[in-house]
file model00.cif (mmCIF, C-alpha atoms and all ligand atoms)
data_upload
loop_
_atom_site.label_atom_id
_atom_site.label_comp_id
_atom_site.auth_asym_id
_atom_site.auth_seq_id
_atom_site.Cartn_x
_atom_site.Cartn_y
_atom_site.Cartn_z
CA MET A 272 0.00 0.00 0.00
CA ARG A 273 1.24 3.49 -0.87
CA GLN A 274 2.26 5.54 2.18
CA MET A 275 0.40 8.80 2.88
CA GLN A 276 2.60 11.71 1.83
CA PRO A 277 3.44 14.44 4.37
CA PRO A 278 1.06 17.39 3.91
CA GLN A 279 1.81 19.86 1.14
CA GLY A 280 0.02 22.99 -0.01
CA LEU A 281 -1.51 25.99 1.69
CA PRO A 282 -2.42 25.58 5.38
CA PHE A 283 -5.87 26.61 6.60
CA ILE A 284 -7.76 26.47 9.86
CA LYS A 285 -11.46 25.63 10.24
CA MET A 286 -13.27 27.34 13.14
CA HIS A 287 -16.79 28.28 14.15
CA GLY A 288 -18.42 30.77 16.46
CA ALA A 289 -21.86 29.65 17.63
CA GLY A 290 -22.11 27.47 14.51
CA ASN A 291 -21.23 30.27 12.05
CA ASP A 292 -18.32 28.48 10.35
CA PHE A 293 -15.16 29.75 8.72
CA VAL A 294 -12.07 28.82 6.80
CA ILE A 295 -9.18 30.97 7.95
CA LEU A 296 -6.13 31.63 5.78
CA ASP A 297 -3.12 33.24 7.42
CA SER A 298 -1.38 35.31 4.73
CA ARG A 299 0.78 37.34 7.07
CA GLY A 300 4.27 37.65 5.58
CA ARG A 301 3.14 36.72 2.05
CA GLN A 302 0.83 37.85 -0.74
CA PRO A 303 -2.91 37.28 -0.08
CA VAL A 304 -4.30 34.42 -2.16
CA THR A 305 -8.08 34.74 -2.06
CA THR A 306 -9.94 35.47 -5.28
CA PRO A 307 -13.73 35.32 -5.79
CA ALA A 308 -13.21 32.02 -7.66
CA LEU A 309 -11.15 30.49 -4.84
CA ALA A 310 -13.65 31.62 -2.16
CA ALA A 311 -16.59 30.14 -4.08
CA ALA A 312 -14.77 26.84 -4.81
CA LEU A 313 -13.51 26.44 -1.25
CA GLY A 314 -16.91 27.39 0.14
CA ASP A 315 -18.58 24.50 -1.70
CA ARG A 316 -19.48 21.95 1.01
CA HIS A 317 -19.18 19.03 -1.45
CA ARG A 318 -16.25 19.94 -3.69
CA GLY A 319 -14.35 22.26 -1.34
CA VAL A 320 -14.07 22.56 2.44
CA GLY A 321 -17.31 24.44 3.06
CA PHE A 322 -17.84 27.55 5.17
CA ASP A 323 -20.20 30.45 5.73
CA GLN A 324 -17.30 32.92 5.39
CA LEU A 325 -13.63 32.81 4.56
CA ALA A 326 -11.39 35.15 6.59
CA GLU A 327 -7.93 35.97 5.29
CA ILE A 328 -5.43 37.45 7.74
CA ARG A 329 -3.02 40.00 6.30
CA ASP A 330 -0.17 42.08 7.71
CA ALA A 331 -1.13 45.47 9.12
CA GLU A 332 0.52 48.73 10.02
CA GLY A 333 -0.68 50.22 13.30
CA ALA A 334 -2.69 47.13 14.27
CA ASP A 335 -1.96 43.48 15.03
CA PHE A 336 -3.36 42.26 11.70
CA THR A 337 -5.83 43.02 8.93
CA LEU A 338 -8.86 40.87 8.06
CA ASP A 339 -10.68 40.43 4.75
CA PHE A 340 -13.98 38.51 4.60
CA TRP A 341 -15.58 36.55 1.76
CA ASN A 342 -18.98 34.86 1.55
CA ASN A 343 -19.28 31.33 0.18
CA ASP A 344 -20.70 32.62 -3.14
CA GLY A 345 -17.35 34.40 -3.71
CA SER A 346 -18.61 37.89 -2.79
CA ARG A 347 -16.84 40.19 -0.32
CA ALA A 348 -18.31 41.04 3.09
CA GLY A 349 -17.35 44.29 4.79
CA ALA A 350 -17.76 42.86 8.28
CA CYS A 351 -18.06 39.50 9.98
CA GLY A 352 -18.39 39.55 13.74
CA ASN A 353 -18.07 35.85 14.46
CA ALA A 354 -15.06 35.36 12.15
CA SER A 355 -13.48 38.40 13.82
CA ARG A 356 -13.89 36.72 17.21
CA CYS A 357 -12.48 33.41 15.92
CA VAL A 358 -9.40 35.00 14.33
CA ALA A 359 -8.87 37.22 17.39
CA ASP A 360 -8.94 34.09 19.55
CA LEU A 361 -6.26 32.43 17.37
CA VAL A 362 -4.02 35.49 17.24
CA MET A 363 -4.39 36.24 20.97
CA ALA A 364 -3.41 32.63 21.74
CA GLY A 365 -0.39 32.94 19.41
CA LEU A 366 0.74 36.22 20.95
CA GLY A 367 -0.01 35.16 24.54
CA ARG A 368 -2.25 38.22 24.99
CA ASP A 369 -5.86 38.88 25.95
CA SER A 370 -6.54 41.69 23.50
CA VAL A 371 -5.83 42.57 19.87
CA ARG A 372 -6.61 45.38 17.42
CA PHE A 373 -7.19 44.63 13.76
CA GLY A 374 -8.00 46.46 10.53
CA THR A 375 -11.15 45.72 8.53
CA ALA A 376 -12.95 47.42 5.64
CA ARG A 377 -14.90 49.49 8.17
CA GLY A 378 -11.91 50.56 10.26
CA THR A 379 -9.85 49.29 13.18
CA LEU A 380 -11.71 47.03 15.62
CA ALA A 381 -10.72 45.62 19.00
CA ALA A 382 -11.23 42.20 20.54
CA THR A 383 -10.61 40.82 24.02
CA ARG A 384 -10.80 37.49 25.83
CA ARG A 385 -13.09 37.64 28.86
CA ALA A 386 -12.30 35.95 32.16
CA ASP A 387 -14.86 33.22 31.31
CA GLY A 388 -12.95 32.40 28.09
CA LEU A 389 -15.54 33.88 25.72
CA VAL A 390 -14.23 36.28 23.09
CA SER A 391 -15.67 39.79 22.64
CA VAL A 392 -15.30 42.09 19.66
CA ASN A 393 -16.18 45.76 19.44
CA MET A 394 -17.99 45.98 16.10
CA GLY A 395 -17.97 49.80 16.20
CA ALA A 396 -20.85 52.24 16.11
CA PRO A 397 -24.00 51.23 14.24
CA ILE A 398 -24.37 53.02 10.92
CA LEU A 399 -27.72 54.74 10.92
CA ASP A 400 -27.17 56.87 7.82
CA TRP A 401 -27.07 53.66 5.75
CA ASP A 402 -23.62 54.24 4.40
CA GLY A 403 -24.63 56.19 1.33
CA VAL A 404 -27.10 53.58 0.09
CA PRO A 405 -30.13 55.43 -1.36
CA LEU A 406 -33.29 54.52 0.52
CA ALA A 407 -36.83 55.71 -0.05
CA GLU A 408 -36.98 57.03 3.52
CA PRO A 409 -33.42 57.87 4.53
CA SER A 410 -34.63 59.82 7.56
CA ASP A 411 -36.43 56.84 9.05
CA LEU A 412 -34.31 53.73 8.70
CA LEU A 413 -36.05 52.19 11.64
CA HIS A 414 -39.29 51.82 9.65
CA LEU A 415 -38.48 50.80 6.09
CA PRO A 416 -41.29 50.88 3.53
CA ILE A 417 -41.41 47.08 3.27
CA PRO A 418 -44.32 44.95 4.54
CA GLY A 419 -43.49 43.73 8.05
CA ASP A 420 -42.01 47.11 9.10
CA PRO A 421 -38.32 46.11 9.20
CA ALA A 422 -35.46 48.32 10.43
CA ALA A 423 -32.19 48.93 8.57
CA VAL A 424 -28.95 48.96 10.53
CA GLY A 425 -25.42 48.93 9.12
CA MET A 426 -22.60 47.31 11.08
CA GLY A 427 -20.02 47.63 8.30
CA ASN A 428 -22.47 45.49 6.30
CA PRO A 429 -26.20 45.95 5.75
CA HIS A 430 -28.92 44.33 7.86
CA CYS A 431 -32.69 44.36 7.49
CA VAL A 432 -34.27 43.38 10.82
CA PHE A 433 -37.86 42.22 11.20
CA PHE A 434 -39.46 41.97 14.66
CA VAL A 435 -42.07 39.22 14.58
CA ASP A 436 -44.24 37.39 17.13
CA ASP A 437 -42.57 34.04 16.46
CA ALA A 438 -39.24 33.87 14.61
CA GLU A 439 -39.58 30.06 14.49
CA ALA A 440 -42.65 30.33 12.29
CA ILE A 441 -40.93 32.29 9.50
CA ASP A 442 -40.19 30.55 6.20
CA LEU A 443 -36.61 31.84 6.33
CA ALA A 444 -35.43 30.34 3.04
CA ARG A 445 -38.28 31.96 1.14
CA GLU A 446 -38.50 35.32 2.93
CA GLY A 447 -34.74 35.75 3.37
CA ALA A 448 -33.96 35.17 -0.30
CA LYS A 449 -36.69 37.63 -1.28
CA ILE A 450 -35.57 40.46 1.04
CA GLU A 451 -31.82 39.92 0.34
CA HIS A 452 -32.38 41.30 -3.17
CA HIS A 453 -35.18 43.79 -2.45
CA PRO A 454 -34.73 46.90 -4.64
CA LEU A 455 -34.26 49.06 -1.53
CA PHE A 456 -30.88 47.37 -1.08
CA PRO A 457 -28.77 47.92 -4.21
CA ARG A 458 -25.89 46.00 -2.62
CA ALA A 459 -28.29 43.34 -1.22
CA THR A 460 -28.71 42.81 2.52
CA ASN A 461 -28.49 40.34 5.37
CA VAL A 462 -31.94 39.58 6.82
CA GLU A 463 -32.82 38.92 10.46
CA TYR A 464 -36.10 37.80 12.08
CA ALA A 465 -36.29 38.32 15.82
CA SER A 466 -38.88 37.88 18.55
CA LEU A 467 -38.76 39.02 22.14
CA THR A 468 -38.63 36.00 24.48
CA GLY A 469 -38.04 37.79 27.79
CA PRO A 470 -36.71 41.04 29.20
CA ASP A 471 -33.63 41.93 27.11
CA ARG A 472 -33.67 38.50 25.44
CA LEU A 473 -34.47 37.75 21.80
CA ARG A 474 -34.71 34.70 19.55
CA MET A 475 -33.12 35.51 16.20
CA ARG A 476 -32.84 33.65 12.89
CA VAL A 477 -30.77 34.87 10.00
CA TRP A 478 -30.48 34.74 6.22
CA GLU A 479 -27.03 36.02 5.24
CA ARG A 480 -26.30 37.92 2.05
CA GLY A 481 -24.06 35.81 -0.18
CA THR A 482 -24.44 32.72 2.01
CA GLY A 483 -28.09 31.92 2.87
CA ILE A 484 -29.31 30.51 6.18
CA THR A 485 -26.56 30.30 8.81
CA LEU A 486 -26.64 29.17 12.43
CA ALA A 487 -25.50 32.57 13.69
CA CYS A 488 -24.45 36.01 12.44
CA GLY A 489 -22.53 38.29 14.78
CA SER A 490 -23.06 41.54 12.91
CA GLY A 491 -26.72 40.55 12.50
CA ALA A 492 -27.03 40.04 16.25
CA CYS A 493 -25.51 43.52 16.78
CA ALA A 494 -27.88 45.10 14.25
CA THR A 495 -30.88 43.35 15.84
CA ALA A 496 -29.89 44.49 19.33
CA VAL A 497 -29.44 48.09 18.13
CA ALA A 498 -32.80 48.09 16.34
CA ALA A 499 -34.53 46.50 19.36
CA HIS A 500 -33.14 49.19 21.63
CA LEU A 501 -33.98 52.07 19.28
CA ARG A 502 -37.54 50.77 18.95
CA GLY A 503 -37.90 50.63 22.73
CA LEU A 504 -38.10 46.82 22.88
CA ALA A 505 -34.95 46.20 24.95
CA GLY A 506 -32.12 47.83 26.87
CA ARG A 507 -28.57 48.27 25.57
CA HIS A 508 -27.40 44.88 26.89
CA VAL A 509 -29.27 41.96 25.35
CA VAL A 510 -28.89 38.22 24.92
CA LEU A 511 -29.75 36.65 21.56
CA ASP A 512 -30.53 32.97 21.09
CA LEU A 513 -29.58 31.89 17.57
CA ASP A 514 -29.85 28.49 15.89
CA GLY A 515 -26.21 27.71 16.76
CA GLY A 516 -25.82 29.27 20.19
CA THR A 517 -26.09 32.39 22.29
CA LEU A 518 -24.47 35.79 21.72
CA GLU A 519 -24.38 38.69 24.15
CA ILE A 520 -24.61 42.22 22.81
CA ASP A 521 -23.63 45.27 24.80
CA TRP A 522 -24.10 48.64 23.08
CA ARG A 523 -21.60 50.85 24.90
CA ASP A 524 -20.46 54.42 24.28
CA ASP A 525 -17.43 53.15 22.33
CA GLY A 526 -19.36 50.75 20.05
CA VAL A 527 -21.44 47.58 19.92
CA TRP A 528 -19.64 44.73 21.71
CA MET A 529 -20.53 41.17 20.78
CA THR A 530 -19.45 38.21 22.95
CA GLY A 531 -19.71 34.48 22.36
CA PRO A 532 -17.97 31.14 22.01
CA THR A 533 -15.28 30.17 19.51
CA ALA A 534 -14.05 26.70 18.54
CA ARG A 535 -11.13 25.44 16.44
CA VAL A 536 -12.32 22.38 14.55
CA PHE A 537 -9.44 21.17 12.36
CA ASP A 538 -6.40 22.26 10.43
CA GLY A 539 -5.74 21.22 6.84
CA TRP A 540 -3.83 21.93 3.66
CA LEU A 541 -5.28 23.09 0.37
CA ALA A 542 -3.86 21.01 -2.45
CA PRO A 543 -1.67 23.01 -4.87
CA GLU A 544 -3.74 21.76 -7.82
CA PHE A 545 -6.97 22.99 -6.15
CA LEU A 546 -5.39 26.43 -5.65
CA ALA A 547 -4.08 26.52 -9.22
CA ALA A 548 -7.50 25.58 -10.63
CA HIS A 549 -9.24 28.44 -8.79
CA ALA A 550 -6.57 31.19 -8.81
N1 LIG B 601 -21.52 35.89 9.64
C1 LIG B 601 -21.13 37.23 9.71
C2 LIG B 601 -21.58 38.19 8.67
C3 LIG B 601 -21.16 37.78 7.28
C4 LIG B 601 -21.23 38.82 6.20
C5 LIG B 601 -22.48 38.85 5.41
N2 LIG B 601 -22.91 37.63 4.83
C6 LIG B 601 -22.41 40.00 4.40
O1 LIG B 601 -22.29 39.80 3.17
O2 LIG B 601 -22.52 41.14 4.85
C7 LIG B 601 -21.06 37.80 11.09
O3 LIG B 601 -20.83 37.02 12.04
O4 LIG B 601 -21.14 39.01 11.26
#
call {"tool": "encode", "arguments": {"input": "model00.cif", "output": "structure tokens"}}
result
Amino acid sequence: MRQMQPPQGLPFIKMHGAGNDFVILDSRGRQPVTTPALAAALGDRHRGVGFDQLAEIRDAEGADFTLDFWNNDGSRAGACGNASRCVADLVMAGLGRDSVRFGTARGTLAATRRADGLVSVNMGAPILDWDGVPLAEPSDLLHLPIPGDPAAVGMGNPHCVFFVDDAEAIDLAREGAKIEHHPLFPRATNVEYASLTGPDRLRMRVWERGTGITLACGSGACATAVAAHLRGLAGRHVVLDLDGGTLEIDWRDDGVWMTGPTARVFDGWLAPEFLAAHA
């Protein structure tokens, strides 16, 4: 029998945060490798590795690292809260520290490890001017002219949040796909359905732009918490129960902090021929 060869190719790490799963490429000290074609091929759960988002770590000036995010359809994402927490966890472990600062498309963010081991990220201030995207009612993002009275909140990426009596009862695949490409969102949107389940506690389900249904979405949880507070449904510190776990959101003066679990699942190597085929 032929012996297994020692691993060759590009190393990657598979992690998840509350079931929102990621492939992480560490391109510090070398040229970044991700292209839309590579992200889409690698994101295929049958012919690739499979992930909700790919996060590529790059060198940074004035921060510990830079992060780029890709959805599994090959599109770019300006923010990804759970991948930020996972990568921060890895880098903090490597540096032997409990805090890091990192660059993203929306600016420099900070992450810390809490005493209970959970990882928190400051996702920055919510964007309530909708980041230049033309809306029919730019002065009232909290009541978009869409049936169901959703709110629009940007967290470095767009979110359309519906408050409903029972989030479990929503046909997420149908409704999410429809709202993702609603004409009000020229760059498409992530879609959240949330219901109040107790004081400062919400059940939330999510349809992610460029990915579809996921078990959790960190920026979506932040957007939902912000919208819930601004609509008078909850305080500034809320707990959200998602399909894959629980996230805590704390809207402080310095930004929206999101805290939750992280897990490293496996490490692997991308075959050189796979990389070459999708360069
Ligand atoms: N899972 C993420 C958000 C991912 C980005 C999104 N699909 C987009 O295109 O904006 C999170 O944890 O925030």
call {"tool": "closest_residue", "arguments": {"input": "model00.cif", "among": "A:Asp512, A:Glu451, A:Glu327, A:Glu446", "to": "ligand LIG 601 (chain B)", "atoms": "all atoms listed in the file"}}
result
A:Glu451
call {"tool": "closest_residue", "arguments": {"input": "model00.cif", "among": "A:Leu325, A:Phe434, A:Leu338, A:Phe283", "to": "His414 (chain A)", "atoms": "all atoms listed in the file"}}
result
A:Phe434
call {"tool": "residues_near_ligand", "arguments": {"input": "model00.cif", "ligand": "ligand LIG 601 (chain B)", "cutoff": "8 Å", "atoms": "all atoms listed in the file", "output": "PDB file with C-alpha atoms, in the frame of the given file"}}
result
ATOM      1  CA  ASN A 291     -21.230  30.270  12.050  1.00  0.00           C
ATOM      2  CA  ASP A 323     -20.200  30.450   5.730  1.00  0.00           C
ATOM      3  CA  GLN A 324     -17.300  32.920   5.390  1.00  0.00           C
ATOM      4  CA  PHE A 340     -13.980  38.510   4.600  1.00  0.00           C
ATOM      5  CA  TRP A 341     -15.580  36.550   1.760  1.00  0.00           C
ATOM      6  CA  ASN A 342     -18.980  34.860   1.550  1.00  0.00           C
ATOM      7  CA  SER A 346     -18.610  37.890  -2.790  1.00  0.00           C
ATOM      8  CA  ARG A 347     -16.840  40.190  -0.320  1.00  0.00           C
ATOM      9  CA  ALA A 348     -18.310  41.040   3.090  1.00  0.00           C
ATOM     10  CA  GLY A 349     -17.350  44.290   4.790  1.00  0.00           C
ATOM     11  CA  ALA A 350     -17.760  42.860   8.280  1.00  0.00           C
ATOM     12  CA  CYS A 351     -18.060  39.500   9.980  1.00  0.00           C
ATOM     13  CA  GLY A 352     -18.390  39.550  13.740  1.00  0.00           C
ATOM     14  CA  ASN A 353     -18.070  35.850  14.460  1.00  0.00           C
ATOM     15  CA  ALA A 354     -15.060  35.360  12.150  1.00  0.00           C
ATOM     16  CA  SER A 355     -13.480  38.400  13.820  1.00  0.00           C
ATOM     17  CA  GLY A 427     -20.020  47.630   8.300  1.00  0.00           C
ATOM     18  CA  ASN A 428     -22.470  45.490   6.300  1.00  0.00           C
ATOM     19  CA  PRO A 429     -26.200  45.950   5.750  1.00  0.00           C
ATOM     20  CA  HIS A 430     -28.920  44.330   7.860  1.00  0.00           C
ATOM     21  CA  THR A 460     -28.710  42.810   2.520  1.00  0.00           C
ATOM     22  CA  ASN A 461     -28.490  40.340   5.370  1.00  0.00           C
ATOM     23  CA  GLU A 479     -27.030  36.020   5.240  1.00  0.00           C
ATOM     24  CA  ARG A 480     -26.300  37.920   2.050  1.00  0.00           C
ATOM     25  CA  GLY A 481     -24.060  35.810  -0.180  1.00  0.00           C
ATOM     26  CA  THR A 482     -24.440  32.720   2.010  1.00  0.00           C
ATOM     27  CA  GLY A 483     -28.090  31.920   2.870  1.00  0.00           C
ATOM     28  CA  THR A 485     -26.560  30.300   8.810  1.00  0.00           C
ATOM     29  CA  ALA A 487     -25.500  32.570  13.690  1.00  0.00           C
ATOM     30  CA  CYS A 488     -24.450  36.010  12.440  1.00  0.00           C
ATOM     31  CA  GLY A 489     -22.530  38.290  14.780  1.00  0.00           C
ATOM     32  CA  SER A 490     -23.060  41.540  12.910  1.00  0.00           C
ATOM     33  CA  GLY A 491     -26.720  40.550  12.500  1.00  0.00           C
ATOM     34  CA  ALA A 492     -27.030  40.040  16.250  1.00  0.00           C
TER      35      ALA A 492
END
call {"tool": "closest_residue", "arguments": {"input": "model00.cif", "among": "A:Ala308, A:Val477, A:Asp344, A:Asn393", "to": "Asp514 (chain A)", "atoms": "all atoms listed in the file"}}
result
A:Val477
call {"tool": "residues_around", "arguments": {"input": "model00.cif", "residues": "Pro421 (chain A)", "least_positions_apart": "2", "cutoff": "10 Å", "atoms": "only C-alpha atoms", "output": "MDAnalysis selection string"}}
result
chainID A and resid 412:419 423:424 430:435 462:464 498
call {"tool": "atom_distance", "arguments": {"input": "model00.cif", "atom1": "CA of Gly378 (chain A)", "atom2": "CA of Ala448 (chain A)"}}
result
28.9 Å
call {"tool": "build_atoms", "arguments": {"input": "model00.cif", "residues": "region 416-440 of chain A", "atoms": "N, CA and C atoms", "output": "PDB file, keeping the file's coordinate frame"}}
result
ATOM      1  N   PRO A 416     -40.023  51.107   4.237  1.00  0.00           N
ATOM      2  CA  PRO A 416     -41.290  50.880   3.530  1.00  0.00           C
ATOM      3  C   PRO A 416     -41.352  49.501   2.876  1.00  0.00           C
ATOM      4  N   ILE A 417     -41.323  48.483   3.722  1.00  0.00           N
ATOM      5  CA  ILE A 417     -41.410  47.080   3.270  1.00  0.00           C
ATOM      6  C   ILE A 417     -42.442  46.424   4.191  1.00  0.00           C
ATOM      7  N   PRO A 418     -43.350  45.609   3.658  1.00  0.00           N
ATOM      8  CA  PRO A 418     -44.320  44.950   4.540  1.00  0.00           C
ATOM      9  C   PRO A 418     -43.607  44.211   5.679  1.00  0.00           C
ATOM     10  N   GLY A 419     -44.126  44.349   6.892  1.00  0.00           N
ATOM     11  CA  GLY A 419     -43.490  43.730   8.050  1.00  0.00           C
ATOM     12  C   GLY A 419     -42.715  44.742   8.865  1.00  0.00           C
ATOM     13  N   ASP A 420     -42.610  45.999   8.349  1.00  0.00           N
ATOM     14  CA  ASP A 420     -42.010  47.110   9.100  1.00  0.00           C
ATOM     15  C   ASP A 420     -40.595  46.812   9.616  1.00  0.00           C
ATOM     16  N   PRO A 421     -39.677  46.387   8.721  1.00  0.00           N
ATOM     17  CA  PRO A 421     -38.320  46.110   9.200  1.00  0.00           C
ATOM     18  C   PRO A 421     -37.514  47.382   9.454  1.00  0.00           C
ATOM     19  N   ALA A 422     -36.401  47.222  10.166  1.00  0.00           N
ATOM     20  CA  ALA A 422     -35.460  48.320  10.430  1.00  0.00           C
ATOM     21  C   ALA A 422     -34.166  48.027   9.685  1.00  0.00           C
ATOM     22  N   ALA A 423     -33.491  49.098   9.254  1.00  0.00           N
ATOM     23  CA  ALA A 423     -32.190  48.930   8.570  1.00  0.00           C
ATOM     24  C   ALA A 423     -31.076  49.432   9.479  1.00  0.00           C
ATOM     25  N   VAL A 424     -30.107  48.569   9.713  1.00  0.00           N
ATOM     26  CA  VAL A 424     -28.950  48.960  10.530  1.00  0.00           C
ATOM     27  C   VAL A 424     -27.694  48.463   9.829  1.00  0.00           C
ATOM     28  N   GLY A 425     -26.697  49.336   9.680  1.00  0.00           N
ATOM     29  CA  GLY A 425     -25.420  48.930   9.120  1.00  0.00           C
ATOM     30  C   GLY A 425     -24.412  48.685  10.228  1.00  0.00           C
ATOM     31  N   MET A 426     -23.684  47.592  10.119  1.00  0.00           N
ATOM     32  CA  MET A 426     -22.600  47.310  11.080  1.00  0.00           C
ATOM     33  C   MET A 426     -21.296  47.115  10.310  1.00  0.00           C
ATOM     34  N   GLY A 427     -21.136  47.885   9.221  1.00  0.00           N
ATOM     35  CA  GLY A 427     -20.020  47.630   8.300  1.00  0.00           C
ATOM     36  C   GLY A 427     -20.522  46.758   7.168  1.00  0.00           C
ATOM     37  N   ASN A 428     -21.722  46.226   7.323  1.00  0.00           N
ATOM     38  CA  ASN A 428     -22.470  45.490   6.300  1.00  0.00           C
ATOM     39  C   ASN A 428     -23.944  45.743   6.578  1.00  0.00           C
ATOM     40  N   PRO A 429     -24.789  45.574   5.579  1.00  0.00           N
ATOM     41  CA  PRO A 429     -26.200  45.950   5.750  1.00  0.00           C
ATOM     42  C   PRO A 429     -27.052  44.839   6.383  1.00  0.00           C
ATOM     43  N   HIS A 430     -27.989  45.275   7.220  1.00  0.00           N
ATOM     44  CA  HIS A 430     -28.920  44.330   7.860  1.00  0.00           C
ATOM     45  C   HIS A 430     -30.331  44.882   7.800  1.00  0.00           C
ATOM     46  N   CYS A 431     -31.280  44.007   7.521  1.00  0.00           N
ATOM     47  CA  CYS A 431     -32.690  44.360   7.490  1.00  0.00           C
ATOM     48  C   CYS A 431     -33.361  43.488   8.557  1.00  0.00           C
ATOM     49  N   VAL A 432     -33.819  44.130   9.629  1.00  0.00           N
ATOM     50  CA  VAL A 432     -34.270  43.380  10.820  1.00  0.00           C
ATOM     51  C   VAL A 432     -35.785  43.459  10.960  1.00  0.00           C
ATOM     52  N   PHE A 433     -36.413  42.293  10.983  1.00  0.00           N
ATOM     53  CA  PHE A 433     -37.860  42.220  11.200  1.00  0.00           C
ATOM     54  C   PHE A 433     -38.120  41.760  12.643  1.00  0.00           C
ATOM     55  N   PHE A 434     -39.005  42.447  13.349  1.00  0.00           N
ATOM     56  CA  PHE A 434     -39.460  41.970  14.660  1.00  0.00           C
ATOM     57  C   PHE A 434     -40.809  41.287  14.453  1.00  0.00           C
ATOM     58  N   VAL A 435     -40.871  40.021  14.838  1.00  0.00           N
ATOM     59  CA  VAL A 435     -42.070  39.220  14.580  1.00  0.00           C
ATOM     60  C   VAL A 435     -42.511  38.540  15.881  1.00  0.00           C
ATOM     61  N   ASP A 436     -43.747  38.061  15.914  1.00  0.00           N
ATOM     62  CA  ASP A 436     -44.240  37.390  17.130  1.00  0.00           C
ATOM     63  C   ASP A 436     -43.479  36.099  17.380  1.00  0.00           C
ATOM     64  N   ASP A 437     -43.202  35.354  16.290  1.00  0.00           N
ATOM     65  CA  ASP A 437     -42.570  34.040  16.460  1.00  0.00           C
ATOM     66  C   ASP A 437     -41.564  33.804  15.329  1.00  0.00           C
ATOM     67  N   ALA A 438     -40.297  34.023  15.635  1.00  0.00           N
ATOM     68  CA  ALA A 438     -39.240  33.870  14.610  1.00  0.00           C
ATOM     69  C   ALA A 438     -39.192  32.442  14.067  1.00  0.00           C
ATOM     70  N   GLU A 439     -39.604  31.474  14.918  1.00  0.00           N
ATOM     71  CA  GLU A 439     -39.580  30.060  14.490  1.00  0.00           C
ATOM     72  C   GLU A 439     -40.536  29.804  13.323  1.00  0.00           C
ATOM     73  N   ALA A 440     -41.587  30.606  13.269  1.00  0.00           N
ATOM     74  CA  ALA A 440     -42.650  30.330  12.290  1.00  0.00           C
ATOM     75  C   ALA A 440     -42.335  30.907  10.910  1.00  0.00           C
TER      76      ALA A 440
END
